[in-house]
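File shown: target_32.cif (mmCIF, C-alpha atoms).
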```
data_structure
#
loop_
_atom_site.label_atom_id
_atom_site.label_comp_id
_atom_site.auth_asym_id
_atom_site.auth_seq_id
_atom_site.Cartn_x
_atom_site.Cartn_y
_atom_site.Cartn_z
CA MET B 1 0.00 0.00 0.00
CA LYS B 2 1.11 3.54 -0.69
CA LYS B 3 0.02 6.45 1.50
CA ILE B 4 0.44 9.94 0.10
CA ILE B 5 0.35 12.84 2.58
CA LYS B 6 -0.10 16.25 1.00
CA LEU B 7 1.56 18.70 3.35
CA ARG B 8 0.43 22.00 1.79
CA LYS B 9 -3.16 21.37 2.83
CA LEU B 10 -2.17 20.48 6.39
CA ALA B 11 0.83 22.68 7.15
CA GLY B 12 0.43 25.65 4.83
CA ASP B 13 3.01 27.05 2.40
CA PHE B 14 5.60 27.44 5.16
CA ALA B 15 5.69 24.39 7.40
CA GLU B 16 6.56 25.46 10.94
CA ASN B 17 3.78 24.21 13.21
CA LYS B 18 5.29 21.30 15.10
CA ASP B 19 1.94 20.34 16.59
CA ILE B 20 0.78 19.53 13.07
CA ALA B 21 4.01 17.61 12.39
CA LYS B 22 3.57 15.62 15.60
CA LYS B 23 -0.06 14.80 14.80
CA LEU B 24 0.87 13.64 11.31
CA ARG B 25 3.70 11.53 12.66
CA ILE B 26 1.61 9.84 15.35
CA GLU B 27 -1.63 9.45 13.44
CA LYS B 28 -0.47 8.79 9.89
CA ILE B 29 3.24 8.22 9.34
CA MET B 30 4.11 5.80 12.14
CA PRO B 31 1.00 3.57 11.78
CA ALA B 32 1.46 3.32 8.00
CA LEU B 33 5.18 2.55 8.21
CA SER B 34 4.60 0.04 11.01
CA LYS B 35 2.16 -1.82 8.75
CA GLY B 36 4.82 -1.96 6.05
CA ASP B 37 3.16 0.65 3.84
CA GLU B 38 5.11 3.11 1.77
CA VAL B 39 4.60 6.73 2.90
CA ILE B 40 5.10 9.61 0.49
CA LEU B 41 5.33 13.09 1.95
CA ASP B 42 4.27 15.43 -0.84
CA PHE B 43 5.58 18.99 -0.42
CA ASP B 44 3.85 20.36 -3.51
CA GLY B 45 3.07 24.06 -2.77
CA VAL B 46 5.24 24.15 0.36
CA LYS B 47 7.89 26.87 -0.07
CA GLY B 48 9.81 26.33 3.13
CA ALA B 49 9.95 24.45 6.41
CA THR B 50 11.80 24.78 9.69
CA GLN B 51 14.27 22.16 10.84
CA SER B 52 12.08 21.74 13.95
CA PHE B 53 9.06 20.87 11.82
CA ILE B 54 10.95 18.29 9.77
CA HIS B 55 12.54 16.86 12.93
CA ALA B 56 9.12 16.49 14.56
CA LEU B 57 7.83 14.82 11.41
CA ILE B 58 10.49 12.21 10.68
CA SER B 59 13.05 11.81 13.48
CA ASP B 60 10.98 9.33 15.46
CA PRO B 61 10.23 7.05 12.48
CA ILE B 62 14.00 6.98 11.80
CA ARG B 63 14.84 6.32 15.45
CA GLU B 64 12.14 3.70 16.03
CA LEU B 65 11.86 1.97 12.67
CA ARG B 66 15.30 2.57 11.14
CA ASP B 67 15.51 0.61 7.83
CA VAL B 68 11.74 0.45 7.51
CA ALA B 69 11.71 4.27 7.56
CA PHE B 70 14.72 4.57 5.23
CA ASN B 71 13.16 2.18 2.71
CA ASN B 72 9.51 3.16 2.90
CA LEU B 73 9.51 6.89 3.53
CA ALA B 74 9.86 9.08 0.43
CA TYR B 75 9.62 12.79 -0.32
CA LYS B 76 7.97 14.30 -3.38
CA ASN B 77 8.00 17.82 -4.80
CA SER B 78 10.40 19.12 -2.14
CA ASN B 79 12.38 22.22 -3.10
CA ALA B 80 16.12 22.65 -2.51
CA GLU B 81 15.68 24.14 1.00
CA ILE B 82 13.35 21.42 2.19
CA ARG B 83 15.59 18.71 0.69
CA GLU B 84 18.55 20.19 2.54
CA ILE B 85 16.68 20.19 5.87
CA ILE B 86 15.47 16.61 5.37
CA SER B 87 19.06 15.56 4.53
CA ILE B 88 20.38 17.30 7.66
CA VAL B 89 17.85 15.45 9.84
CA TYR B 90 18.74 12.13 8.15
CA ARG B 91 22.44 12.70 8.77
CA TYR B 92 22.26 13.72 12.41
CA MET B 93 19.70 11.06 13.27
CA GLN B 94 21.95 8.36 11.80
CA GLU B 95 24.96 9.78 13.63
CA SER B 96 22.99 9.73 16.86
CA LEU B 97 21.65 6.20 16.24
CA ASN B 98 25.23 5.02 15.89
CA ALA B 99 26.14 6.91 19.04
CA THR B 100 23.33 5.22 20.96
CA SER B 101 24.27 1.74 19.73
CA GLU B 102 27.93 2.30 20.64
CA ASP B 103 27.13 3.56 24.17
CA MET V 1 11.31 48.90 37.04
CA ARG V 2 12.81 51.23 34.54
CA VAL V 3 13.73 50.99 30.85
CA HIS V 4 15.59 53.79 29.12
CA LEU V 5 15.44 54.00 25.32
CA SER V 6 18.49 55.90 24.21
CA ASN V 7 19.66 57.44 20.96
CA HIS V 8 21.91 54.44 20.19
CA GLY V 9 19.59 51.47 20.39
CA GLN V 10 21.29 49.21 17.84
CA LEU V 11 22.28 45.64 18.66
CA ARG V 12 25.95 46.57 18.82
CA ASN V 13 25.07 48.66 21.88
CA PHE V 14 22.76 46.10 23.41
CA LYS V 15 25.01 45.40 26.37
CA SER V 16 24.85 49.02 27.50
CA PHE V 17 21.04 49.00 27.09
CA VAL V 18 20.82 45.87 29.25
CA GLY V 19 23.21 47.38 31.79
CA SER V 20 20.88 50.36 32.18
CA LEU V 21 17.78 48.25 32.95
CA ASP V 22 16.45 48.58 36.47
CA PHE V 23 14.31 45.71 37.76
CA SER V 24 13.76 47.11 41.25
CA HIS V 25 10.11 47.80 42.28
CA PRO V 26 8.68 45.08 40.03
CA GLU V 27 5.12 46.30 40.58
CA LYS V 28 5.49 49.24 38.18
CA LEU V 29 7.38 50.16 35.02
CA GLU V 30 8.66 53.54 33.86
CA ILE V 31 9.91 53.92 30.30
CA SER V 32 12.02 56.97 29.51
CA THR V 33 13.65 58.09 26.28
CA HIS V 34 16.53 60.29 25.20
CA ASP V 35 15.12 63.83 25.12
CA LYS V 36 16.40 64.75 21.64
CA TRP V 37 16.45 61.55 19.60
CA VAL V 38 15.35 57.97 20.18
CA THR V 39 16.61 54.96 18.24
CA VAL V 40 15.30 51.56 19.17
CA HIS V 41 15.96 48.08 17.90
CA PRO V 42 13.01 45.66 18.04
CA ALA V 43 15.01 43.92 20.82
CA ASN V 44 14.72 46.97 23.09
CA LEU V 45 11.05 47.35 22.24
CA VAL V 46 10.08 43.77 22.99
CA ILE V 47 11.82 43.85 26.38
CA ALA V 48 9.91 47.03 27.25
CA ALA V 49 6.71 45.40 25.96
CA ALA V 50 7.27 42.15 27.88
CA LEU V 51 7.77 44.06 31.12
CA ALA V 52 4.76 46.30 30.41
CA ILE V 53 2.54 43.28 29.79
CA GLN V 54 3.86 41.69 32.98
CA VAL V 55 3.03 44.65 35.24
CA GLY V 56 -0.11 45.71 33.38
CA LYS V 57 -1.02 48.83 31.41
CA GLU V 58 -2.25 50.67 34.51
CA ASN V 59 1.18 50.33 36.15
CA THR V 60 3.25 51.31 33.12
CA GLU V 61 4.02 54.82 31.93
CA ILE V 62 6.29 56.64 29.55
CA ILE V 63 7.88 59.46 31.52
CA GLY V 64 9.77 62.63 30.61
CA GLU V 65 10.04 64.40 27.32
CA VAL V 66 9.69 62.14 24.28
CA PRO V 67 11.26 63.60 21.12
CA ASP V 68 9.52 63.67 17.76
CA THR V 69 11.32 60.47 16.70
CA GLY V 70 9.43 58.85 19.57
CA ARG V 71 6.44 58.54 17.25
CA TYR V 72 8.13 55.31 16.16
CA LEU V 73 7.26 53.90 19.60
CA ASP V 74 3.63 54.66 18.85
CA ARG V 75 3.78 53.10 15.40
CA MET V 76 5.30 49.96 16.89
CA GLY V 77 2.44 49.74 19.39
CA LEU V 78 4.24 50.58 22.64
CA TYR V 79 1.72 53.25 23.63
CA GLU V 80 -1.02 50.61 23.54
CA LEU V 81 0.70 48.88 26.46
CA VAL V 82 1.13 51.93 28.70
CA ARG V 83 -1.28 54.26 30.47
CA THR V 84 0.42 57.35 29.02
CA PRO V 85 -1.55 58.68 26.03
CA SER V 86 0.40 59.08 22.81
CA PRO V 87 1.29 62.71 22.03
CA PHE V 88 1.72 61.86 18.33
CA ILE V 89 -0.75 62.45 15.53
CA TYR V 90 0.06 60.98 12.12
CA HIS V 91 -1.33 58.82 9.37
CA LYS V 92 -0.85 55.27 10.55
CA LYS V 93 -0.56 53.97 6.98
CA GLU V 94 2.50 56.15 6.24
CA GLU V 95 5.00 53.43 7.00
CA ALA V 96 2.90 50.42 6.09
CA GLY V 97 4.90 47.51 4.81
CA ARG V 98 8.16 48.23 6.60
CA PHE V 99 7.72 46.89 10.07
CA VAL V 100 5.93 44.36 12.22
CA PRO V 101 4.63 46.14 15.33
CA ILE V 102 4.71 44.48 18.75
CA LYS V 103 2.67 41.26 18.62
CA VAL V 104 1.92 38.72 21.31
CA ILE V 105 1.92 35.07 20.26
CA LYS V 106 0.55 32.57 22.77
CA THR V 107 -0.28 29.44 20.78
CA SER V 108 0.99 27.56 17.77
CA GLU V 109 -2.14 28.67 15.89
CA ASP V 110 -1.24 32.32 16.69
CA GLN V 111 2.24 31.58 15.40
CA SER V 112 1.01 30.10 12.11
CA ARG V 113 -1.35 33.06 11.59
CA PHE V 114 1.50 35.48 12.34
CA ILE V 115 3.83 33.74 9.90
CA THR V 116 1.21 33.57 7.17
CA ASP V 117 -0.42 36.99 7.56
CA VAL V 118 2.05 39.35 9.23
CA ILE V 119 5.52 38.61 7.88
CA PRO V 120 4.45 39.32 4.27
CA LEU V 121 3.79 42.89 5.47
CA LEU V 122 7.56 43.42 5.39
CA HIS V 123 7.26 43.15 1.58
CA LEU V 124 10.48 41.21 1.11
CA SER V 125 11.40 39.05 -1.85
CA GLU V 126 10.21 35.45 -1.63
CA LYS V 127 13.74 34.26 -0.85
CA ASN V 128 14.13 36.71 2.03
CA THR V 129 10.61 36.13 3.30
CA ILE V 130 11.45 32.44 3.72
CA VAL V 131 14.58 33.32 5.76
CA VAL V 132 12.60 35.65 8.05
CA LYS V 133 9.79 33.09 8.41
CA TYR V 134 12.40 30.47 9.27
CA ILE V 135 14.00 32.59 11.99
CA ILE V 136 10.76 33.77 13.56
CA GLY V 137 9.23 30.30 13.25
CA GLU V 138 12.07 28.68 15.18
CA LEU V 139 12.44 31.39 17.82
CA VAL V 140 8.74 31.72 18.61
CA ARG V 141 8.40 27.96 18.81
CA ASN V 142 11.24 27.88 21.36
CA VAL V 143 9.30 30.30 23.54
CA LEU V 144 6.03 28.37 23.23
CA GLU V 145 7.71 25.05 24.08
CA HIS V 146 10.38 25.86 26.59
CA SER V 147 9.73 29.18 28.34
CA PHE V 148 6.47 28.43 30.21
CA ALA V 149 5.71 32.12 29.75
CA GLU V 150 2.10 32.99 30.60
CA ASP V 151 2.24 36.01 28.32
CA GLY V 152 3.65 34.07 25.36
CA ALA V 153 6.22 35.38 22.90
CA ILE V 154 6.44 39.10 22.22
CA VAL V 155 7.70 39.77 18.71
CA ALA V 156 8.61 42.86 16.66
CA ALA V 157 10.53 43.35 13.44
CA GLN V 158 11.75 46.22 11.31
CA TYR V 159 12.97 46.43 7.72
CA TYR V 160 15.57 49.16 7.12
CA LYS V 161 15.54 50.11 3.46
CA LYS V 162 18.80 52.08 3.53
CA THR V 163 20.86 49.15 4.78
CA ASN V 164 18.54 46.49 3.31
CA ARG V 165 18.41 44.81 6.68
CA VAL V 166 15.73 43.15 8.78
CA SER V 167 15.97 43.35 12.57
CA ILE V 168 13.99 40.98 14.73
CA GLY V 169 13.41 40.86 18.49
CA ILE V 170 11.62 38.09 20.40
CA CYS V 171 11.16 38.15 24.15
CA ASP V 172 9.34 36.24 26.88
CA SER V 173 9.02 36.58 30.62
CA GLY V 174 9.17 32.85 31.28
CA ILE V 175 11.57 30.62 33.22
CA GLY V 176 14.75 31.68 31.40
CA ILE V 177 17.41 29.53 29.74
CA TRP V 178 19.20 28.39 32.90
CA LYS V 179 16.05 26.84 34.37
CA SER V 180 15.02 25.40 31.02
CA LEU V 181 18.31 23.50 30.68
CA ASN V 182 18.89 22.68 34.34
CA THR V 183 17.01 19.36 34.46
CA TYR V 184 19.40 17.63 32.06
CA TRP V 185 22.48 19.85 31.74
CA HIS V 186 23.01 21.57 35.11
CA PRO V 187 24.69 24.74 33.85
CA LYS V 188 26.54 26.58 36.62
CA THR V 189 25.70 30.09 35.54
CA ASP V 190 23.36 31.96 33.22
CA ILE V 191 26.15 32.50 30.68
CA ASP V 192 27.00 28.78 30.75
CA ALA V 193 23.32 28.09 30.09
CA ILE V 194 23.23 30.48 27.11
CA LYS V 195 26.34 28.88 25.60
CA LEU V 196 24.89 25.40 26.09
CA ALA V 197 21.69 26.51 24.39
CA LEU V 198 23.76 27.69 21.41
CA THR V 199 25.60 24.36 21.14
CA PRO V 200 24.30 22.00 18.43
CA GLY V 201 22.38 19.05 19.83
CA VAL V 202 21.71 20.52 23.27
CA THR V 203 18.03 20.63 24.19
CA GLY V 204 16.32 21.11 27.53
CA THR V 205 14.26 17.95 27.00
CA THR V 206 16.93 15.23 27.01
CA ARG V 207 20.68 14.49 27.02
CA LYS V 208 20.30 11.85 24.32
CA GLU V 209 22.06 12.45 20.99
CA GLY V 210 19.45 13.17 18.34
CA GLY V 211 17.14 14.68 20.93
CA THR V 212 13.56 13.55 21.42
CA ALA V 213 10.81 13.05 18.86
CA GLU V 214 10.08 16.77 19.08
CA ASN V 215 13.38 18.47 19.89
CA ALA V 216 16.86 18.23 18.44
CA GLY V 217 18.54 21.24 20.03
CA ALA V 218 19.32 22.83 16.71
CA GLY V 219 17.16 25.96 16.55
CA LEU V 220 19.36 28.58 18.21
CA PHE V 221 22.54 27.23 16.63
CA PHE V 222 20.94 27.54 13.19
CA ILE V 223 19.78 31.13 13.81
CA LYS V 224 23.14 32.21 15.24
CA SER V 225 24.81 30.65 12.19
CA ILE V 226 22.49 32.45 9.75
CA ALA V 227 23.42 35.73 11.50
CA LYS V 228 27.12 34.89 11.28
CA ILE V 229 27.06 33.92 7.60
CA THR V 230 25.10 37.06 6.76
CA ARG V 231 27.66 39.05 8.83
CA ASN V 232 25.37 40.40 11.48
CA TYR V 233 24.78 40.67 15.19
CA PHE V 234 22.93 38.04 17.19
CA VAL V 235 22.06 38.56 20.85
CA ILE V 236 20.72 36.43 23.69
CA TYR V 237 19.90 37.82 27.11
CA SER V 238 18.57 35.67 29.94
CA GLY V 239 19.02 35.88 33.71
CA SER V 240 22.12 37.94 34.43
CA ALA V 241 23.89 36.89 31.24
CA GLU V 242 24.14 38.42 27.81
CA TYR V 243 25.92 37.00 24.73
CA THR V 244 26.45 39.05 21.58
CA LEU V 245 27.78 37.47 18.40
CA LEU V 246 29.88 40.22 16.88
CA LYS V 247 29.56 41.29 13.30
CA TYR V 248 31.96 39.60 10.87
CA ASP V 249 33.95 42.21 8.98
CA LYS V 250 32.37 42.83 5.56
CA ARG V 251 35.81 43.64 4.08
CA VAL V 252 36.99 40.07 4.65
CA LYS V 253 36.14 38.24 1.45
CA ILE V 254 36.26 34.70 2.85
CA SER V 255 32.92 33.45 4.09
CA PRO V 256 32.70 33.40 7.91
CA ARG V 257 33.61 30.05 9.44
CA LEU V 258 30.98 28.39 11.60
CA TYR V 259 31.80 26.81 14.94
CA ALA V 260 29.80 24.44 17.10
CA ASP V 261 31.36 25.96 20.21
CA PRO V 262 29.95 29.48 20.77
CA ASP V 263 33.16 30.38 22.65
CA ARG V 264 35.06 30.16 19.35
CA ASP V 265 32.87 32.77 17.67
CA SER V 266 33.93 36.35 17.93
CA HIS V 267 31.59 37.54 20.65
CA SER V 268 31.17 39.57 23.81
CA GLU V 269 29.64 38.11 26.94
CA THR V 270 28.77 39.10 30.46
CA ASN V 271 27.28 37.36 33.45
CA THR V 272 26.78 40.43 35.59
CA VAL V 273 24.02 42.44 33.97
CA PRO V 274 20.70 43.12 35.78
CA SER V 275 18.90 39.79 36.04
CA PHE V 276 16.01 39.42 33.60
CA GLN V 277 13.35 36.84 34.40
CA GLY V 278 12.87 35.51 30.88
CA THR V 279 14.71 35.36 27.58
CA LEU V 280 15.38 37.80 24.77
CA VAL V 281 16.75 36.77 21.39
CA ALA V 282 17.48 39.32 18.69
CA VAL V 283 19.06 39.14 15.29
CA ASP V 284 19.85 41.36 12.32
CA ILE V 285 19.80 39.92 8.82
CA SER V 286 21.45 41.78 5.94
CA LEU V 287 19.44 40.81 2.92
CA ASP V 288 22.29 41.70 0.54
CA GLU V 289 24.40 39.03 2.20
CA THR V 290 21.74 36.34 2.25
CA LYS V 291 22.71 33.42 0.04
CA GLU V 292 20.11 30.91 -1.05
CA LEU V 293 18.69 29.40 2.12
CA ASN V 294 19.60 25.87 1.03
CA GLU V 295 23.27 26.95 0.77
CA LEU V 296 23.10 28.50 4.23
CA LEU V 297 21.49 25.37 5.61
CA ALA V 298 24.05 23.12 3.92
CA SER V 299 26.96 24.93 5.62
CA ILE V 300 25.17 24.95 8.97
CA GLY V 301 24.22 21.27 8.64
CA GLU V 302 27.86 20.27 8.06
CA VAL V 303 28.96 21.90 11.31
CA TYR V 304 26.02 20.37 13.13
CA ASP V 305 26.95 16.84 11.94
CA LYS V 306 30.58 17.40 12.82
CA ALA V 307 29.64 18.47 16.35
CA ILE V 308 27.65 15.28 16.89
CA ARG V 309 30.45 13.13 15.46
CA GLU V 310 33.00 14.80 17.73
CA ARG V 311 30.82 14.35 20.81
CA LYS V 312 30.38 10.71 19.86
CA ARG V 313 34.14 10.24 19.51
CA ALA V 314 34.72 11.88 22.86
CA ARG V 315 32.82 8.98 24.43
CA TYR V 316 34.83 6.24 22.68
CA LYS V 317 36.64 3.90 25.02
CA LYS V 318 40.33 4.81 25.32
CA PRO V 319 43.13 2.22 25.31
CA ARG V 320 44.71 1.50 28.68
CA PHE V 321 48.38 2.34 28.33
CA ILE V 322 50.35 1.07 31.30
#
```

Have the structure of the file written as structure tokens, please.
Amino acid sequence: MKKIIKLRKLAGDFAENKDIAKKLRIEKIMPALSKGDEVILDFDGVKGATQSFIHALISDPIRELRDVAFNNLAYKNSNAEIREIISIVYRYMQESLNATSED
Amino acid sequence: MRVHLSNHGQLRNFKSFVGSLDFSHPEKLEISTHDKWVTVHPANLVIAAALAIQVGKENTEIIGEVPDTGRYLDRMGLYELVRTPSPFIYHKKEEAGRFVPIKVIKTSEDQSRFITDVIPLLHLSEKNTIVVKYIIGELVRNVLEHSFAEDGAIVAAQYYKKTNRVSIGICDSGIGIWKSLNTYWHPKTDIDAIKLALTPGVTGTTRKEGGTAENAGAGLFFIKSIAKITRNYFVIYSGSAEYTLLKYDKRVKISPRLYADPDRDSHSETNTVPSFQGTLVAVDISLDETKELNELLASIGEVYDKAIRERKRARYKKPRFI
């Protein structure tokens, strides 16, 4: 199954409301990924996002589900800024996962 | 309490402004101005506003002679928070589109409305609007999540056409940075707390690398870095401490280098200014110096990763040499 989440409608053209990110994560992203579904976050119409928003959206799936999140979570229509923020969150979450496993 | 708005209210002089604050007699607030000329940064305004909201309009007044330039205080909404009537008469639309007057943001819905409806009033290019939305979005969210301030975040911003610069001030009268970080990080002093808050990966909600599901401890580091790359001032004031990131010389062609450790940045600091119950963050952004946001974020992200890697390495087991 493929679940497409259109962020413009939920978070506006600048995604900064972490409450919305948290709700999406808990109610849509985590349950779908946990079932083995593919989740596509569609940023069509979203011009920017804060690092906090993206962190609240995807850091827990990465921490909790690791490869399931890496394999089944995809991003569509993200502009250069949003791609950069998503990449930053991916990098530091993987660094911190390694740190936790080495502790 | 007393706040004096001088004729040199830029961020570079913020330490002297803070040094002049008087928090005695917390039941009332007197705001005075220079008698010939008043220049205020949004940072000075939001501190005055936060204190005025705290003590109430009936206990706040603007005293002494206010010069003609004081009409700016009226335009920015300060007179709405004090019992002193405004002596200024002017067309309020004169300066429309160049500033964001004092606003109080108490909820994430308020914040989203502010970002969507108010920031466009600065009439910046789309690229610069995104940078300003990013900064205000992160800073206001910090207040809403970590300050426990009953009065919320008090925000003001100003666009200066001549220097093509946006100045932003955000203030709260909440628990302050030291208390916010104390549960997990136990900073000794207010200045230690500020420097911890500026360090990548440090959040008041955990000591775990990568933070929690909601917090990574990246917000302030990112904003300070944006100010540094765009060669501007960045200020934090909380408790009896104040940290000012100094402006990187525009004549130096090489792009400013980012550091994870705020001690390595060219800055001034003090731990002996009058103790403010809350937090103030202010930043100037030169729009001429603003690269594409993704380029800014890429440079900041690299330093952030490096900081986490270095902290990780610091915990590696060491060989026992005997």

Picked residues, the PyMOL selection byres ((chain B) within 9 of (chain V)), expected as a PyMOL selection string: chain B and resi 11-19+22+47-53+55-61+63+80-85+87-89+91-100+102-103

Every residue with an atom at most 8 Å from (10.2, 42.6, 26.0) (file coordinates; all atoms listed in the file) is what I'm after, so could you write them as an MDAnalysis selection string? chainID V and resid 43:52 154 170:173 280

For the residues in the current selection, export C-alpha atoms as a short mmCIF file (atom, residue, chain, number, x, y, z; two decimals), in the coordinates of the input.
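Ended up saving to part24.cif:
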```cif
data_model
loop_
_atom_site.label_atom_id
_atom_site.label_comp_id
_atom_site.auth_asym_id
_atom_site.auth_seq_id
_atom_site.Cartn_x
_atom_site.Cartn_y
_atom_site.Cartn_z
CA ALA V 43 15.01 43.92 20.82
CA ASN V 44 14.72 46.97 23.09
CA LEU V 45 11.05 47.35 22.24
CA VAL V 46 10.08 43.77 22.99
CA ILE V 47 11.82 43.85 26.38
CA ALA V 48 9.91 47.03 27.25
CA ALA V 49 6.71 45.40 25.96
CA ALA V 50 7.27 42.15 27.88
CA LEU V 51 7.77 44.06 31.12
CA ALA V 52 4.76 46.30 30.41
CA ILE V 154 6.44 39.10 22.22
CA ILE V 170 11.62 38.09 20.40
CA CYS V 171 11.16 38.15 24.15
CA ASP V 172 9.34 36.24 26.88
CA SER V 173 9.02 36.58 30.62
CA LEU V 280 15.38 37.80 24.77
#
```

Please, what distance in Å, to one decimal, runs between atom CA of Lys228 of chain V and atom CA of Pro256 of chain V?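 Distance reported for this atom pair: 6.7 Å.
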
Give me the residues near segment 176-184 of chain V as a short mmCIF file (atom, residue, chain, number, x, y, z; two decimals) with C-alpha atoms, keeping the file's coordinate frame, where near means some atom within 6 Å (using all atoms listed in the file) and where sequence neighbours in that chain fewer than 5 positions away do not count.
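What landed in part_11.cif:
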```
data_model
loop_
_atom_site.label_atom_id
_atom_site.label_comp_id
_atom_site.auth_asym_id
_atom_site.auth_seq_id
_atom_site.Cartn_x
_atom_site.Cartn_y
_atom_site.Cartn_z
CA ASP V 190 23.36 31.96 33.22
CA ALA V 193 23.32 28.09 30.09
CA GLY V 204 16.32 21.11 27.53
CA SER V 238 18.57 35.67 29.94
CA GLY V 278 12.87 35.51 30.88
CA THR V 279 14.71 35.36 27.58
#
```

For segment 31-44 of chain B, I'd like the enclosing box, axis-aligned and padded by 3 Å on every side, reported as AutoDock Vina command-line options with centre and edge lengths in Å to one decimal.
```
--center_x 3.3 --center_y 9.2 --center_z 4.1 --size_x 10.6 --size_y 28.3 --size_z 21.3
```

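One distance worth recording is that between atom CA of Thr39 of chain V and atom CA of His8 of chain V, which is 5.7 Å.
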
Tell me which residues the PyMOL selection byres ((chain V and resi 257) around 12) grabs here, as a PDB file with C-alpha atoms, keeping the file's coordinate frame.
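Writing the result to result18.pdb gives the following:
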```pdb
ATOM      1  CA  SER V 225      24.810  30.650  12.190  1.00  0.00           C
ATOM      2  CA  ILE V 226      22.490  32.450   9.750  1.00  0.00           C
ATOM      3  CA  ALA V 227      23.420  35.730  11.500  1.00  0.00           C
ATOM      4  CA  LYS V 228      27.120  34.890  11.280  1.00  0.00           C
ATOM      5  CA  ILE V 229      27.060  33.920   7.600  1.00  0.00           C
ATOM      6  CA  THR V 230      25.100  37.060   6.760  1.00  0.00           C
ATOM      7  CA  ARG V 231      27.660  39.050   8.830  1.00  0.00           C
ATOM      8  CA  TYR V 248      31.960  39.600  10.870  1.00  0.00           C
ATOM      9  CA  VAL V 252      36.990  40.070   4.650  1.00  0.00           C
ATOM     10  CA  LYS V 253      36.140  38.240   1.450  1.00  0.00           C
ATOM     11  CA  ILE V 254      36.260  34.700   2.850  1.00  0.00           C
ATOM     12  CA  SER V 255      32.920  33.450   4.090  1.00  0.00           C
ATOM     13  CA  PRO V 256      32.700  33.400   7.910  1.00  0.00           C
ATOM     14  CA  LEU V 258      30.980  28.390  11.600  1.00  0.00           C
ATOM     15  CA  TYR V 259      31.800  26.810  14.940  1.00  0.00           C
ATOM     16  CA  ALA V 260      29.800  24.440  17.100  1.00  0.00           C
ATOM     17  CA  ASP V 261      31.360  25.960  20.210  1.00  0.00           C
ATOM     18  CA  PRO V 262      29.950  29.480  20.770  1.00  0.00           C
ATOM     19  CA  ARG V 264      35.060  30.160  19.350  1.00  0.00           C
ATOM     20  CA  ASP V 265      32.870  32.770  17.670  1.00  0.00           C
ATOM     21  CA  SER V 266      33.930  36.350  17.930  1.00  0.00           C
ATOM     22  CA  LEU V 296      23.100  28.500   4.230  1.00  0.00           C
ATOM     23  CA  SER V 299      26.960  24.930   5.620  1.00  0.00           C
ATOM     24  CA  ILE V 300      25.170  24.950   8.970  1.00  0.00           C
ATOM     25  CA  GLU V 302      27.860  20.270   8.060  1.00  0.00           C
ATOM     26  CA  VAL V 303      28.960  21.900  11.310  1.00  0.00           C
TER      27      VAL V 303
END
```

Would you compute the distance between atom CA of Ile168 of chain V and atom CA of Glu150 of chain V? Give it in Å to one decimal.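 Pair atom CA of Ile168 of chain V / atom CA of Glu150 of chain V returns 21.4 Å.
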
Pick from B:Leu7, B:Val46, B:Ile54, B:Leu65, whichever lies nearest to Leu33 of chain B using only C-alpha atoms: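 Ranking B:Leu7, B:Val46, B:Ile54, B:Leu65 by distance to Leu33 of chain B, first place goes to B:Leu65.
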
Ranking V:Tyr160, V:Tyr233, V:Tyr90, V:Phe276 by minimum distance to Ser24 of chain V and counting all atoms listed in the file, which one comes first?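 The closest residue to Ser24 of chain V is V:Phe276.
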
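When all atoms listed in the file are used to compute distances to Val104 of chain V, the closest of the residues V:Tyr159, V:Thr60, V:Gly152, V:Val118 turns out to be V:Gly152.
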
Just want the 9 Å neighbourhood of Val18 of chain V, counted on only C-alpha atoms, with same-chain residues fewer than 3 positions away dropped. Output as a list in words.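 Residues near the query, excluding close chain neighbours: Val3, Asn13, Phe14, Lys15, Leu21, Asp22, Asn44, Tyr237, Glu242, Val273 and Pro274 of chain V.
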
Please identify all polymer residues lying at most 6 Å from the point (5.6, 40.9, 17.8) (file coordinates), using all atoms listed in the file, and present the result as a PyMOL selection string. chain V and resi 101-104+154-156

Ser6 of chain V surroundings by all atoms listed in the file, 8 Å radius, close-in-sequence under 6 positions cut, as a PyMOL selection string: chain V and resi 17+33-34+37-40

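Restricting the calculation to all atoms listed in the file, the smallest distance between Asn79 of chain B and any of B:Leu24, B:Ile29, B:Asp67, B:Phe43 is found for B:Phe43.
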
Residue members of the PyMOL selection byres ((chain V and resi 161) around 12) in the file shown, as a list in words: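 Applying the expression gives Glu95, Gly97, Arg98, Phe99, Leu122, His123, Leu124, Gln158, Tyr159, Tyr160, Lys162, Thr163, Asn164, Arg165, Val166, Ser167, Ser286, Leu287 and Asp288 of chain V.
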